[in-house]
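Colleague: What follows is coords-v3.txt, made up of compact mmCIF, C-alpha atoms:
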# COMPACT_ATOMS: atom_id res chain seq x y z
CA MET A 1 0.00 0.00 0.00
CA HIS A 2 2.87 2.37 0.71
CA VAL A 3 4.48 1.76 -2.68
CA ALA A 4 1.12 1.96 -4.45
CA ALA A 5 0.37 5.29 -2.79
CA THR A 6 3.76 6.67 -3.85
CA ASP A 7 3.43 5.42 -7.42
CA VAL A 8 -0.14 6.61 -7.85
CA ARG A 9 0.85 10.04 -6.58
CA ALA A 10 3.63 10.14 -9.18
CA ALA A 11 1.10 9.17 -11.87
CA ARG A 12 -1.69 11.39 -10.58
CA ASP A 13 -1.54 13.90 -13.41
CA GLU A 14 -1.31 11.16 -16.06
CA LEU A 15 -4.36 9.37 -14.63
CA THR A 16 -6.30 12.60 -14.31
CA GLU A 17 -5.54 13.55 -17.91
CA LEU A 18 -6.70 10.16 -19.16
CA ASP A 19 -9.88 10.56 -17.16
CA ARG A 20 -10.34 14.12 -18.41
CA ARG A 21 -10.46 12.79 -21.95
CA ILE A 22 -13.08 10.09 -21.37
CA GLY A 23 -14.46 10.53 -17.85
CA ASP A 24 -14.93 13.00 -15.03
CA GLY A 25 -11.29 14.08 -14.93
CA ASP A 26 -10.78 13.17 -11.28
CA HIS A 27 -9.43 9.60 -11.25
CA GLY A 28 -5.84 10.50 -10.40
CA VAL A 29 -6.79 12.97 -7.68
CA ASN A 30 -9.37 10.64 -6.15
CA LEU A 31 -7.11 7.60 -6.13
CA ASP A 32 -4.22 9.60 -4.71
CA ARG A 33 -6.45 10.85 -1.91
CA GLY A 34 -7.74 7.35 -1.17
CA LEU A 35 -4.38 5.61 -1.04
CA SER A 36 -2.88 8.45 1.00
CA ALA A 37 -5.70 7.94 3.49
CA VAL A 38 -4.99 4.20 3.59
CA VAL A 39 -1.32 4.82 4.35
CA GLY A 40 -2.27 7.41 6.96
CA ARG A 41 -4.40 4.88 8.78
CA LEU A 42 -1.79 2.14 8.49
CA ASP A 43 0.85 4.45 9.97
CA ASP A 44 -1.40 5.83 12.72
CA PRO A 45 -0.06 4.54 16.07
CA ALA A 46 -3.56 4.85 17.51
CA GLN A 47 -4.81 2.24 15.06
CA PRO A 48 -4.53 -1.47 15.88
CA VAL A 49 -1.64 -3.26 14.20
CA ARG A 50 -2.69 -5.14 11.08
CA GLU A 51 -1.04 -8.55 11.34
CA THR A 52 -2.37 -10.25 8.21
CA VAL A 53 -2.59 -9.37 4.54
CA GLY A 54 -6.36 -9.64 4.82
CA GLN A 55 -6.52 -7.11 7.63
CA VAL A 56 -4.52 -4.61 5.59
CA LEU A 57 -6.74 -5.16 2.56
CA ARG A 58 -9.89 -4.81 4.65
CA LEU A 59 -8.67 -1.47 6.00
CA ALA A 60 -7.81 -0.39 2.44
CA ALA A 61 -11.28 -1.41 1.27
CA THR A 62 -13.20 0.53 3.89
CA THR A 63 -10.95 3.56 3.52
CA MET A 64 -11.22 3.63 -0.27
CA MET A 65 -14.99 3.32 -0.11
CA SER A 66 -15.28 6.21 2.31
CA THR A 67 -12.74 8.60 0.75
CA VAL A 68 -12.70 8.00 -3.02
CA GLY A 69 -15.42 9.51 -5.16
CA GLY A 70 -16.73 8.36 -8.51
CA ALA A 71 -16.58 4.74 -9.58
CA ALA A 72 -13.04 4.12 -8.33
CA GLY A 73 -13.93 3.99 -4.63
CA PRO A 74 -16.58 1.26 -4.88
CA LEU A 75 -14.62 -0.71 -7.47
CA TYR A 76 -11.28 -0.72 -5.67
CA GLY A 77 -13.03 -1.03 -2.33
CA THR A 78 -14.91 -4.13 -3.44
CA ALA A 79 -11.75 -5.57 -5.02
CA PHE A 80 -9.78 -5.17 -1.80
CA LEU A 81 -12.67 -6.42 0.33
CA ARG A 82 -13.06 -9.61 -1.70
CA ALA A 83 -9.29 -10.11 -1.66
CA SER A 84 -9.19 -9.64 2.12
CA LYS A 85 -11.44 -12.66 2.57
CA VAL A 86 -8.95 -15.06 1.01
CA THR A 87 -5.74 -13.63 2.51
CA ASP A 88 -6.16 -13.98 6.26
CA ARG A 89 -2.53 -14.81 6.92
CA ALA A 90 0.66 -12.89 7.67
CA GLU A 91 2.44 -13.94 4.49
CA LEU A 92 1.29 -15.17 1.10
CA GLY A 93 2.83 -17.82 -1.09
CA PRO A 94 2.29 -18.08 -4.85
CA THR A 95 -1.08 -19.77 -4.41
CA GLY A 96 -2.19 -17.03 -2.01
CA VAL A 97 -1.27 -14.34 -4.50
CA VAL A 98 -3.29 -16.08 -7.21
CA ALA A 99 -6.27 -16.22 -4.85
CA LEU A 100 -5.86 -12.51 -4.03
CA VAL A 101 -5.80 -11.41 -7.67
CA GLU A 102 -8.69 -13.66 -8.63
CA ALA A 103 -10.80 -12.45 -5.72
CA ALA A 104 -10.04 -8.81 -6.58
CA LEU A 105 -11.16 -9.46 -10.15
CA GLU A 106 -14.37 -11.11 -8.91
CA GLY A 107 -15.10 -8.04 -6.80
CA ILE A 108 -14.58 -5.65 -9.71
CA VAL A 109 -16.77 -7.73 -12.01
CA ALA A 110 -19.49 -8.04 -9.37
CA ARG A 111 -19.51 -4.30 -8.73
CA GLY A 112 -19.01 -3.01 -12.27
CA ARG A 113 -20.69 -5.81 -14.25
CA ALA A 114 -18.11 -5.45 -17.00
CA THR A 115 -16.29 -7.96 -19.16
CA VAL A 116 -13.06 -7.88 -21.15
CA GLY A 117 -13.23 -5.61 -24.16
CA GLU A 118 -15.52 -2.98 -22.64
CA LYS A 119 -12.66 -0.56 -21.81
CA THR A 120 -12.67 -0.87 -18.02
CA MET A 121 -10.47 -2.08 -15.15
CA VAL A 122 -11.45 -5.63 -16.08
CA ASP A 123 -9.24 -5.35 -19.16
CA ALA A 124 -6.26 -5.17 -16.78
CA TRP A 125 -7.44 -7.49 -14.00
CA GLN A 126 -8.71 -10.39 -16.14
CA PRO A 127 -5.37 -10.99 -17.91
CA ALA A 128 -3.59 -10.37 -14.60
CA ALA A 129 -5.59 -13.14 -12.93
CA GLU A 130 -5.02 -15.50 -15.85
CA ALA A 131 -1.27 -14.80 -15.87
CA ALA A 132 -1.05 -15.26 -12.10
CA GLU A 133 -2.78 -18.62 -12.37
CA ARG A 134 -0.38 -19.75 -15.09
CA ALA A 135 2.56 -18.73 -12.88
CA GLU A 136 1.18 -20.36 -9.73
CA GLY A 137 3.84 -23.07 -9.79
CA ALA A 138 6.65 -20.50 -9.54
CA GLU A 139 9.04 -20.79 -6.63
CA HIS A 140 8.74 -17.18 -5.51
CA VAL A 141 5.78 -14.89 -4.92
CA VAL A 142 7.43 -12.11 -6.90
CA ASP A 143 7.38 -14.25 -10.04
CA VAL A 144 3.60 -14.58 -9.80
CA LEU A 145 3.26 -10.85 -9.19
CA ARG A 146 5.53 -10.02 -12.12
CA ALA A 147 3.41 -12.16 -14.42
CA ALA A 148 0.22 -10.52 -13.18
CA ALA A 149 1.63 -7.00 -13.43
CA ALA A 150 3.00 -7.51 -16.95
CA ALA A 151 -0.34 -8.88 -18.11
CA ALA A 152 -2.20 -5.99 -16.46
CA SER A 153 0.04 -3.47 -18.21
CA ALA A 154 -0.53 -5.14 -21.58
CA GLY A 155 -4.24 -5.35 -20.86
CA SER A 156 -4.38 -1.69 -19.99
CA ALA A 157 -2.56 -0.75 -23.19
CA SER A 158 -5.05 -2.86 -25.13
CA THR A 159 -7.85 -0.50 -24.07
CA VAL A 160 -6.49 2.37 -26.18
CA PRO A 161 -8.30 1.44 -29.43
CA LEU A 162 -11.44 0.16 -27.70
CA VAL A 163 -14.79 1.92 -27.70
CA ALA A 164 -16.14 2.15 -24.16
CA THR A 165 -19.47 0.47 -23.48
CA LYS A 166 -19.53 0.89 -19.69
CA GLY A 167 -19.38 3.87 -17.36
CA ARG A 168 -19.13 7.52 -18.20
CA ALA A 169 -16.73 6.90 -21.06
CA SER A 170 -19.51 5.06 -22.89
CA TYR A 171 -21.30 8.40 -23.34
CA LEU A 172 -18.55 9.37 -25.79
CA ALA A 173 -19.18 6.30 -27.95
CA GLU A 174 -16.62 6.22 -30.81
CA ARG A 175 -14.81 9.25 -29.39
CA SER A 176 -13.65 7.15 -26.43
CA ALA A 177 -11.34 5.21 -28.76
CA GLY A 178 -7.73 6.36 -28.75
CA THR A 179 -7.41 6.88 -24.97
CA GLU A 180 -6.18 4.33 -22.43
CA ASP A 181 -8.76 3.54 -19.78
CA PRO A 182 -7.70 5.34 -16.57
CA GLY A 183 -8.98 2.59 -14.29
CA ALA A 184 -7.09 -0.07 -16.20
CA ARG A 185 -3.99 2.12 -16.12
CA SER A 186 -4.19 2.67 -12.36
CA SER A 187 -4.74 -1.07 -11.88
CA ALA A 188 -1.52 -1.76 -13.78
CA ILE A 189 0.31 0.79 -11.62
CA ILE A 190 -0.96 -0.79 -8.39
CA LEU A 191 -0.01 -4.32 -9.48
CA ALA A 192 3.44 -3.06 -10.51
CA ALA A 193 3.73 -1.53 -7.04
CA ALA A 194 3.06 -4.97 -5.55
CA VAL A 195 6.00 -6.30 -7.55
CA ALA A 196 8.28 -3.54 -6.26
CA ALA A 197 7.14 -4.17 -2.68
CA ALA A 198 7.75 -7.90 -2.97
CA GLU A 199 11.18 -7.34 -4.50
CA GLY A 200 12.03 -4.95 -1.67
CA SER A 201 11.02 -7.47 0.97
CA GLY A 202 12.95 -10.30 -0.65
CA GLY A 203 9.76 -12.07 -1.77
Have the structure of the file written as structure tokens, please.
Modeller:
Amino acid sequence: MHVAATDVRAARDELTELDRRIGDGDHGVNLDRGLSAVVGRLDDPAQPVRETVGQVLRLAATTMMSTVGGAAGPLYGTAFLRASKVTDRAELGPTGVVALVEAALEGIVARGRATVGEKTMVDAWQPAAEAAERAEGAEHVVDVLRAAAAAASAGSASTVPLVATKGRASYLAERSAGTEDPGARSSAIILAAAVAAAEGSGG
């Protein structure tokens, strides 16, 4: 969460510009605010210590839902909440990471009712989940995360030529083509942050 907050802040203007073209123009600002709030709560000595991955994700979910406006708050909040239910342990192995990514995808699909090809976050998370599953037999967690992050990045890039059929971008119809989906892009950034965090911890 710390790395994600730092990386999203660095990409805030990029995400906001993408969203300005096909959305409300607030995705970068909203996500930056939400992740900063998550980190603030995690670092608050008055808060109870989160001892499992699931507890951290549950805090992230409730914080995102209460601080992030637009569609991003409910979508990321539901993703983190679903993921928290399958990660109630202090450390995850490759199988645990696969379960996390798959649960996050399930949450996004349940909340947004989107499928691949509709120019949404699902275009990043679906290939990420599939790549994670293929890499499940890897020796190290970071290998699974790298596979998921690379697939998410490619999936996000694949949204550029798509015509949006969900969310506010769908109002633009054909004019939504030519811009990367901001939610898919932020998803790729967050999964890449997970790779950096795992590499930093020796995972």
Colleague: Can you tell me, as a list in words, what residues are no more than 10 Å from Glu130 of chain A when counting only C-alpha atoms, ignoring any on the same chain fewer than 4 positions away?
Modeller: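 The contact residues come out as Val98, Val101, Glu102, Trp125, Gln126, Arg134, Ala135, Glu136, Ala147, Ala148, Ala151 and Ala152 of chain A.
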Colleague: Go ahead and save the residues from that selection, with C-alpha atoms, as a PDB file, keeping the file's coordinate frame.
Modeller:
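Now in result_13.pdb:
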ATOM      1  CA  VAL A  98      -3.290 -16.080  -7.210  1.00  0.00           C
ATOM      2  CA  VAL A 101      -5.800 -11.410  -7.670  1.00  0.00           C
ATOM      3  CA  GLU A 102      -8.690 -13.660  -8.630  1.00  0.00           C
ATOM      4  CA  TRP A 125      -7.440  -7.490 -14.000  1.00  0.00           C
ATOM      5  CA  GLN A 126      -8.710 -10.390 -16.140  1.00  0.00           C
ATOM      6  CA  ARG A 134      -0.380 -19.750 -15.090  1.00  0.00           C
ATOM      7  CA  ALA A 135       2.560 -18.730 -12.880  1.00  0.00           C
ATOM      8  CA  GLU A 136       1.180 -20.360  -9.730  1.00  0.00           C
ATOM      9  CA  ALA A 147       3.410 -12.160 -14.420  1.00  0.00           C
ATOM     10  CA  ALA A 148       0.220 -10.520 -13.180  1.00  0.00           C
ATOM     11  CA  ALA A 151      -0.340  -8.880 -18.110  1.00  0.00           C
ATOM     12  CA  ALA A 152      -2.200  -5.990 -16.460  1.00  0.00           C
TER      13      ALA A 152
END
Colleague: Atom CA of Glu199 of chain A and atom CA of Asp44 of chain A are how many Å apart?
Modeller: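 Calculated distance between atom CA of Glu199 of chain A and atom CA of Asp44 of chain A is 25.1 Å.
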Colleague: Hey, can you check how far atom CA of Thr67 of chain A sits from atom CA of Val97 of chain A?
Modeller: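 It comes out at 26.2 Å.
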Colleague: Could you check which of A:Met65, A:Leu15, A:Ala173, A:Leu92 is closest to Ala198 of chain A, using all atoms listed in the file?
Modeller: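 Comparing A:Met65, A:Leu15, A:Ala173, A:Leu92 against Ala198 of chain A, the winner is A:Leu92.
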Colleague: Which residue out of A:Thr115, A:Gln55, A:Ser186, A:Thr95 has the minimum interatomic distance to Asp143 of chain A when only C-alpha atoms are used?
Modeller: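 So, comparing all the options, the nearest one is A:Thr95.
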Colleague: Segment 49-105 of chain A near segment 117-122 of chain A within 12 Å: what's each residue's closest atom pair and its distance in Å to one decimal, counting all atoms listed in the file, ordered by chain then ascending residue number, as JSON lines?
Modeller:
{"residue": "A:Ala71", "atom": "CA", "partner": "A:Met121", "partner_atom": "CA", "distance": 10.7}
{"residue": "A:Ala72", "atom": "CA", "partner": "A:Met121", "partner_atom": "CA", "distance": 9.6}
{"residue": "A:Leu75", "atom": "CA", "partner": "A:Met121", "partner_atom": "CA", "distance": 8.8}
{"residue": "A:Tyr76", "atom": "CA", "partner": "A:Met121", "partner_atom": "CA", "distance": 9.6}
{"residue": "A:Ala79", "atom": "CA", "partner": "A:Met121", "partner_atom": "CA", "distance": 10.8}
{"residue": "A:Val101", "atom": "CA", "partner": "A:Val122", "partner_atom": "CA", "distance": 11.7}
{"residue": "A:Glu102", "atom": "CA", "partner": "A:Val122", "partner_atom": "CA", "distance": 11.3}
{"residue": "A:Ala104", "atom": "CA", "partner": "A:Val122", "partner_atom": "CA", "distance": 10.1}
{"residue": "A:Leu105", "atom": "CA", "partner": "A:Val122", "partner_atom": "CA", "distance": 7.1}
Colleague: Please measure the separation of atom CA of Glu51 of chain A and atom CA of Ala90 of chain A, giving the value in Å to one decimal.
Modeller: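 Interatomic distance, atom CA of Glu51 of chain A to atom CA of Ala90 of chain A: 5.9 Å.
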Colleague: Could you list as a count of residues only every residue that has an atom within 10 Å of (0.5, 8.0, -9.3), using the file's coordinates and counting all atoms listed in the file?
Modeller: 22
Colleague: So, with all atoms listed in the file as the atoms that count, which of A:Arg111, A:Arg20, A:Arg33, A:His2 lies closest to Ser66 of chain A?
Modeller: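 Checking each of A:Arg111, A:Arg20, A:Arg33, A:His2 against Ser66 of chain A, counting all atoms listed in the file, the winner is A:Arg33.
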Colleague: Give me the residues within 9 Å of Val53 of chain A as a VMD selection string, counting all atoms listed in the file and dropping any in the same chain fewer than 3 places off.
Modeller: chain A and resid 50 56 to 58 84 87 to 92
Colleague: For the residues selected in the previous step, produce a file with C-alpha atoms as a short mmCIF file (atom, residue, chain, number, x, y, z; two decimals), keeping the file's coordinate frame.
Modeller:
data_model
loop_
_atom_site.label_atom_id
_atom_site.label_comp_id
_atom_site.auth_asym_id
_atom_site.auth_seq_id
_atom_site.Cartn_x
_atom_site.Cartn_y
_atom_site.Cartn_z
CA ARG A 50 -2.69 -5.14 11.08
CA VAL A 56 -4.52 -4.61 5.59
CA LEU A 57 -6.74 -5.16 2.56
CA ARG A 58 -9.89 -4.81 4.65
CA SER A 84 -9.19 -9.64 2.12
CA THR A 87 -5.74 -13.63 2.51
CA ASP A 88 -6.16 -13.98 6.26
CA ARG A 89 -2.53 -14.81 6.92
CA ALA A 90 0.66 -12.89 7.67
CA GLU A 91 2.44 -13.94 4.49
CA LEU A 92 1.29 -15.17 1.10
#
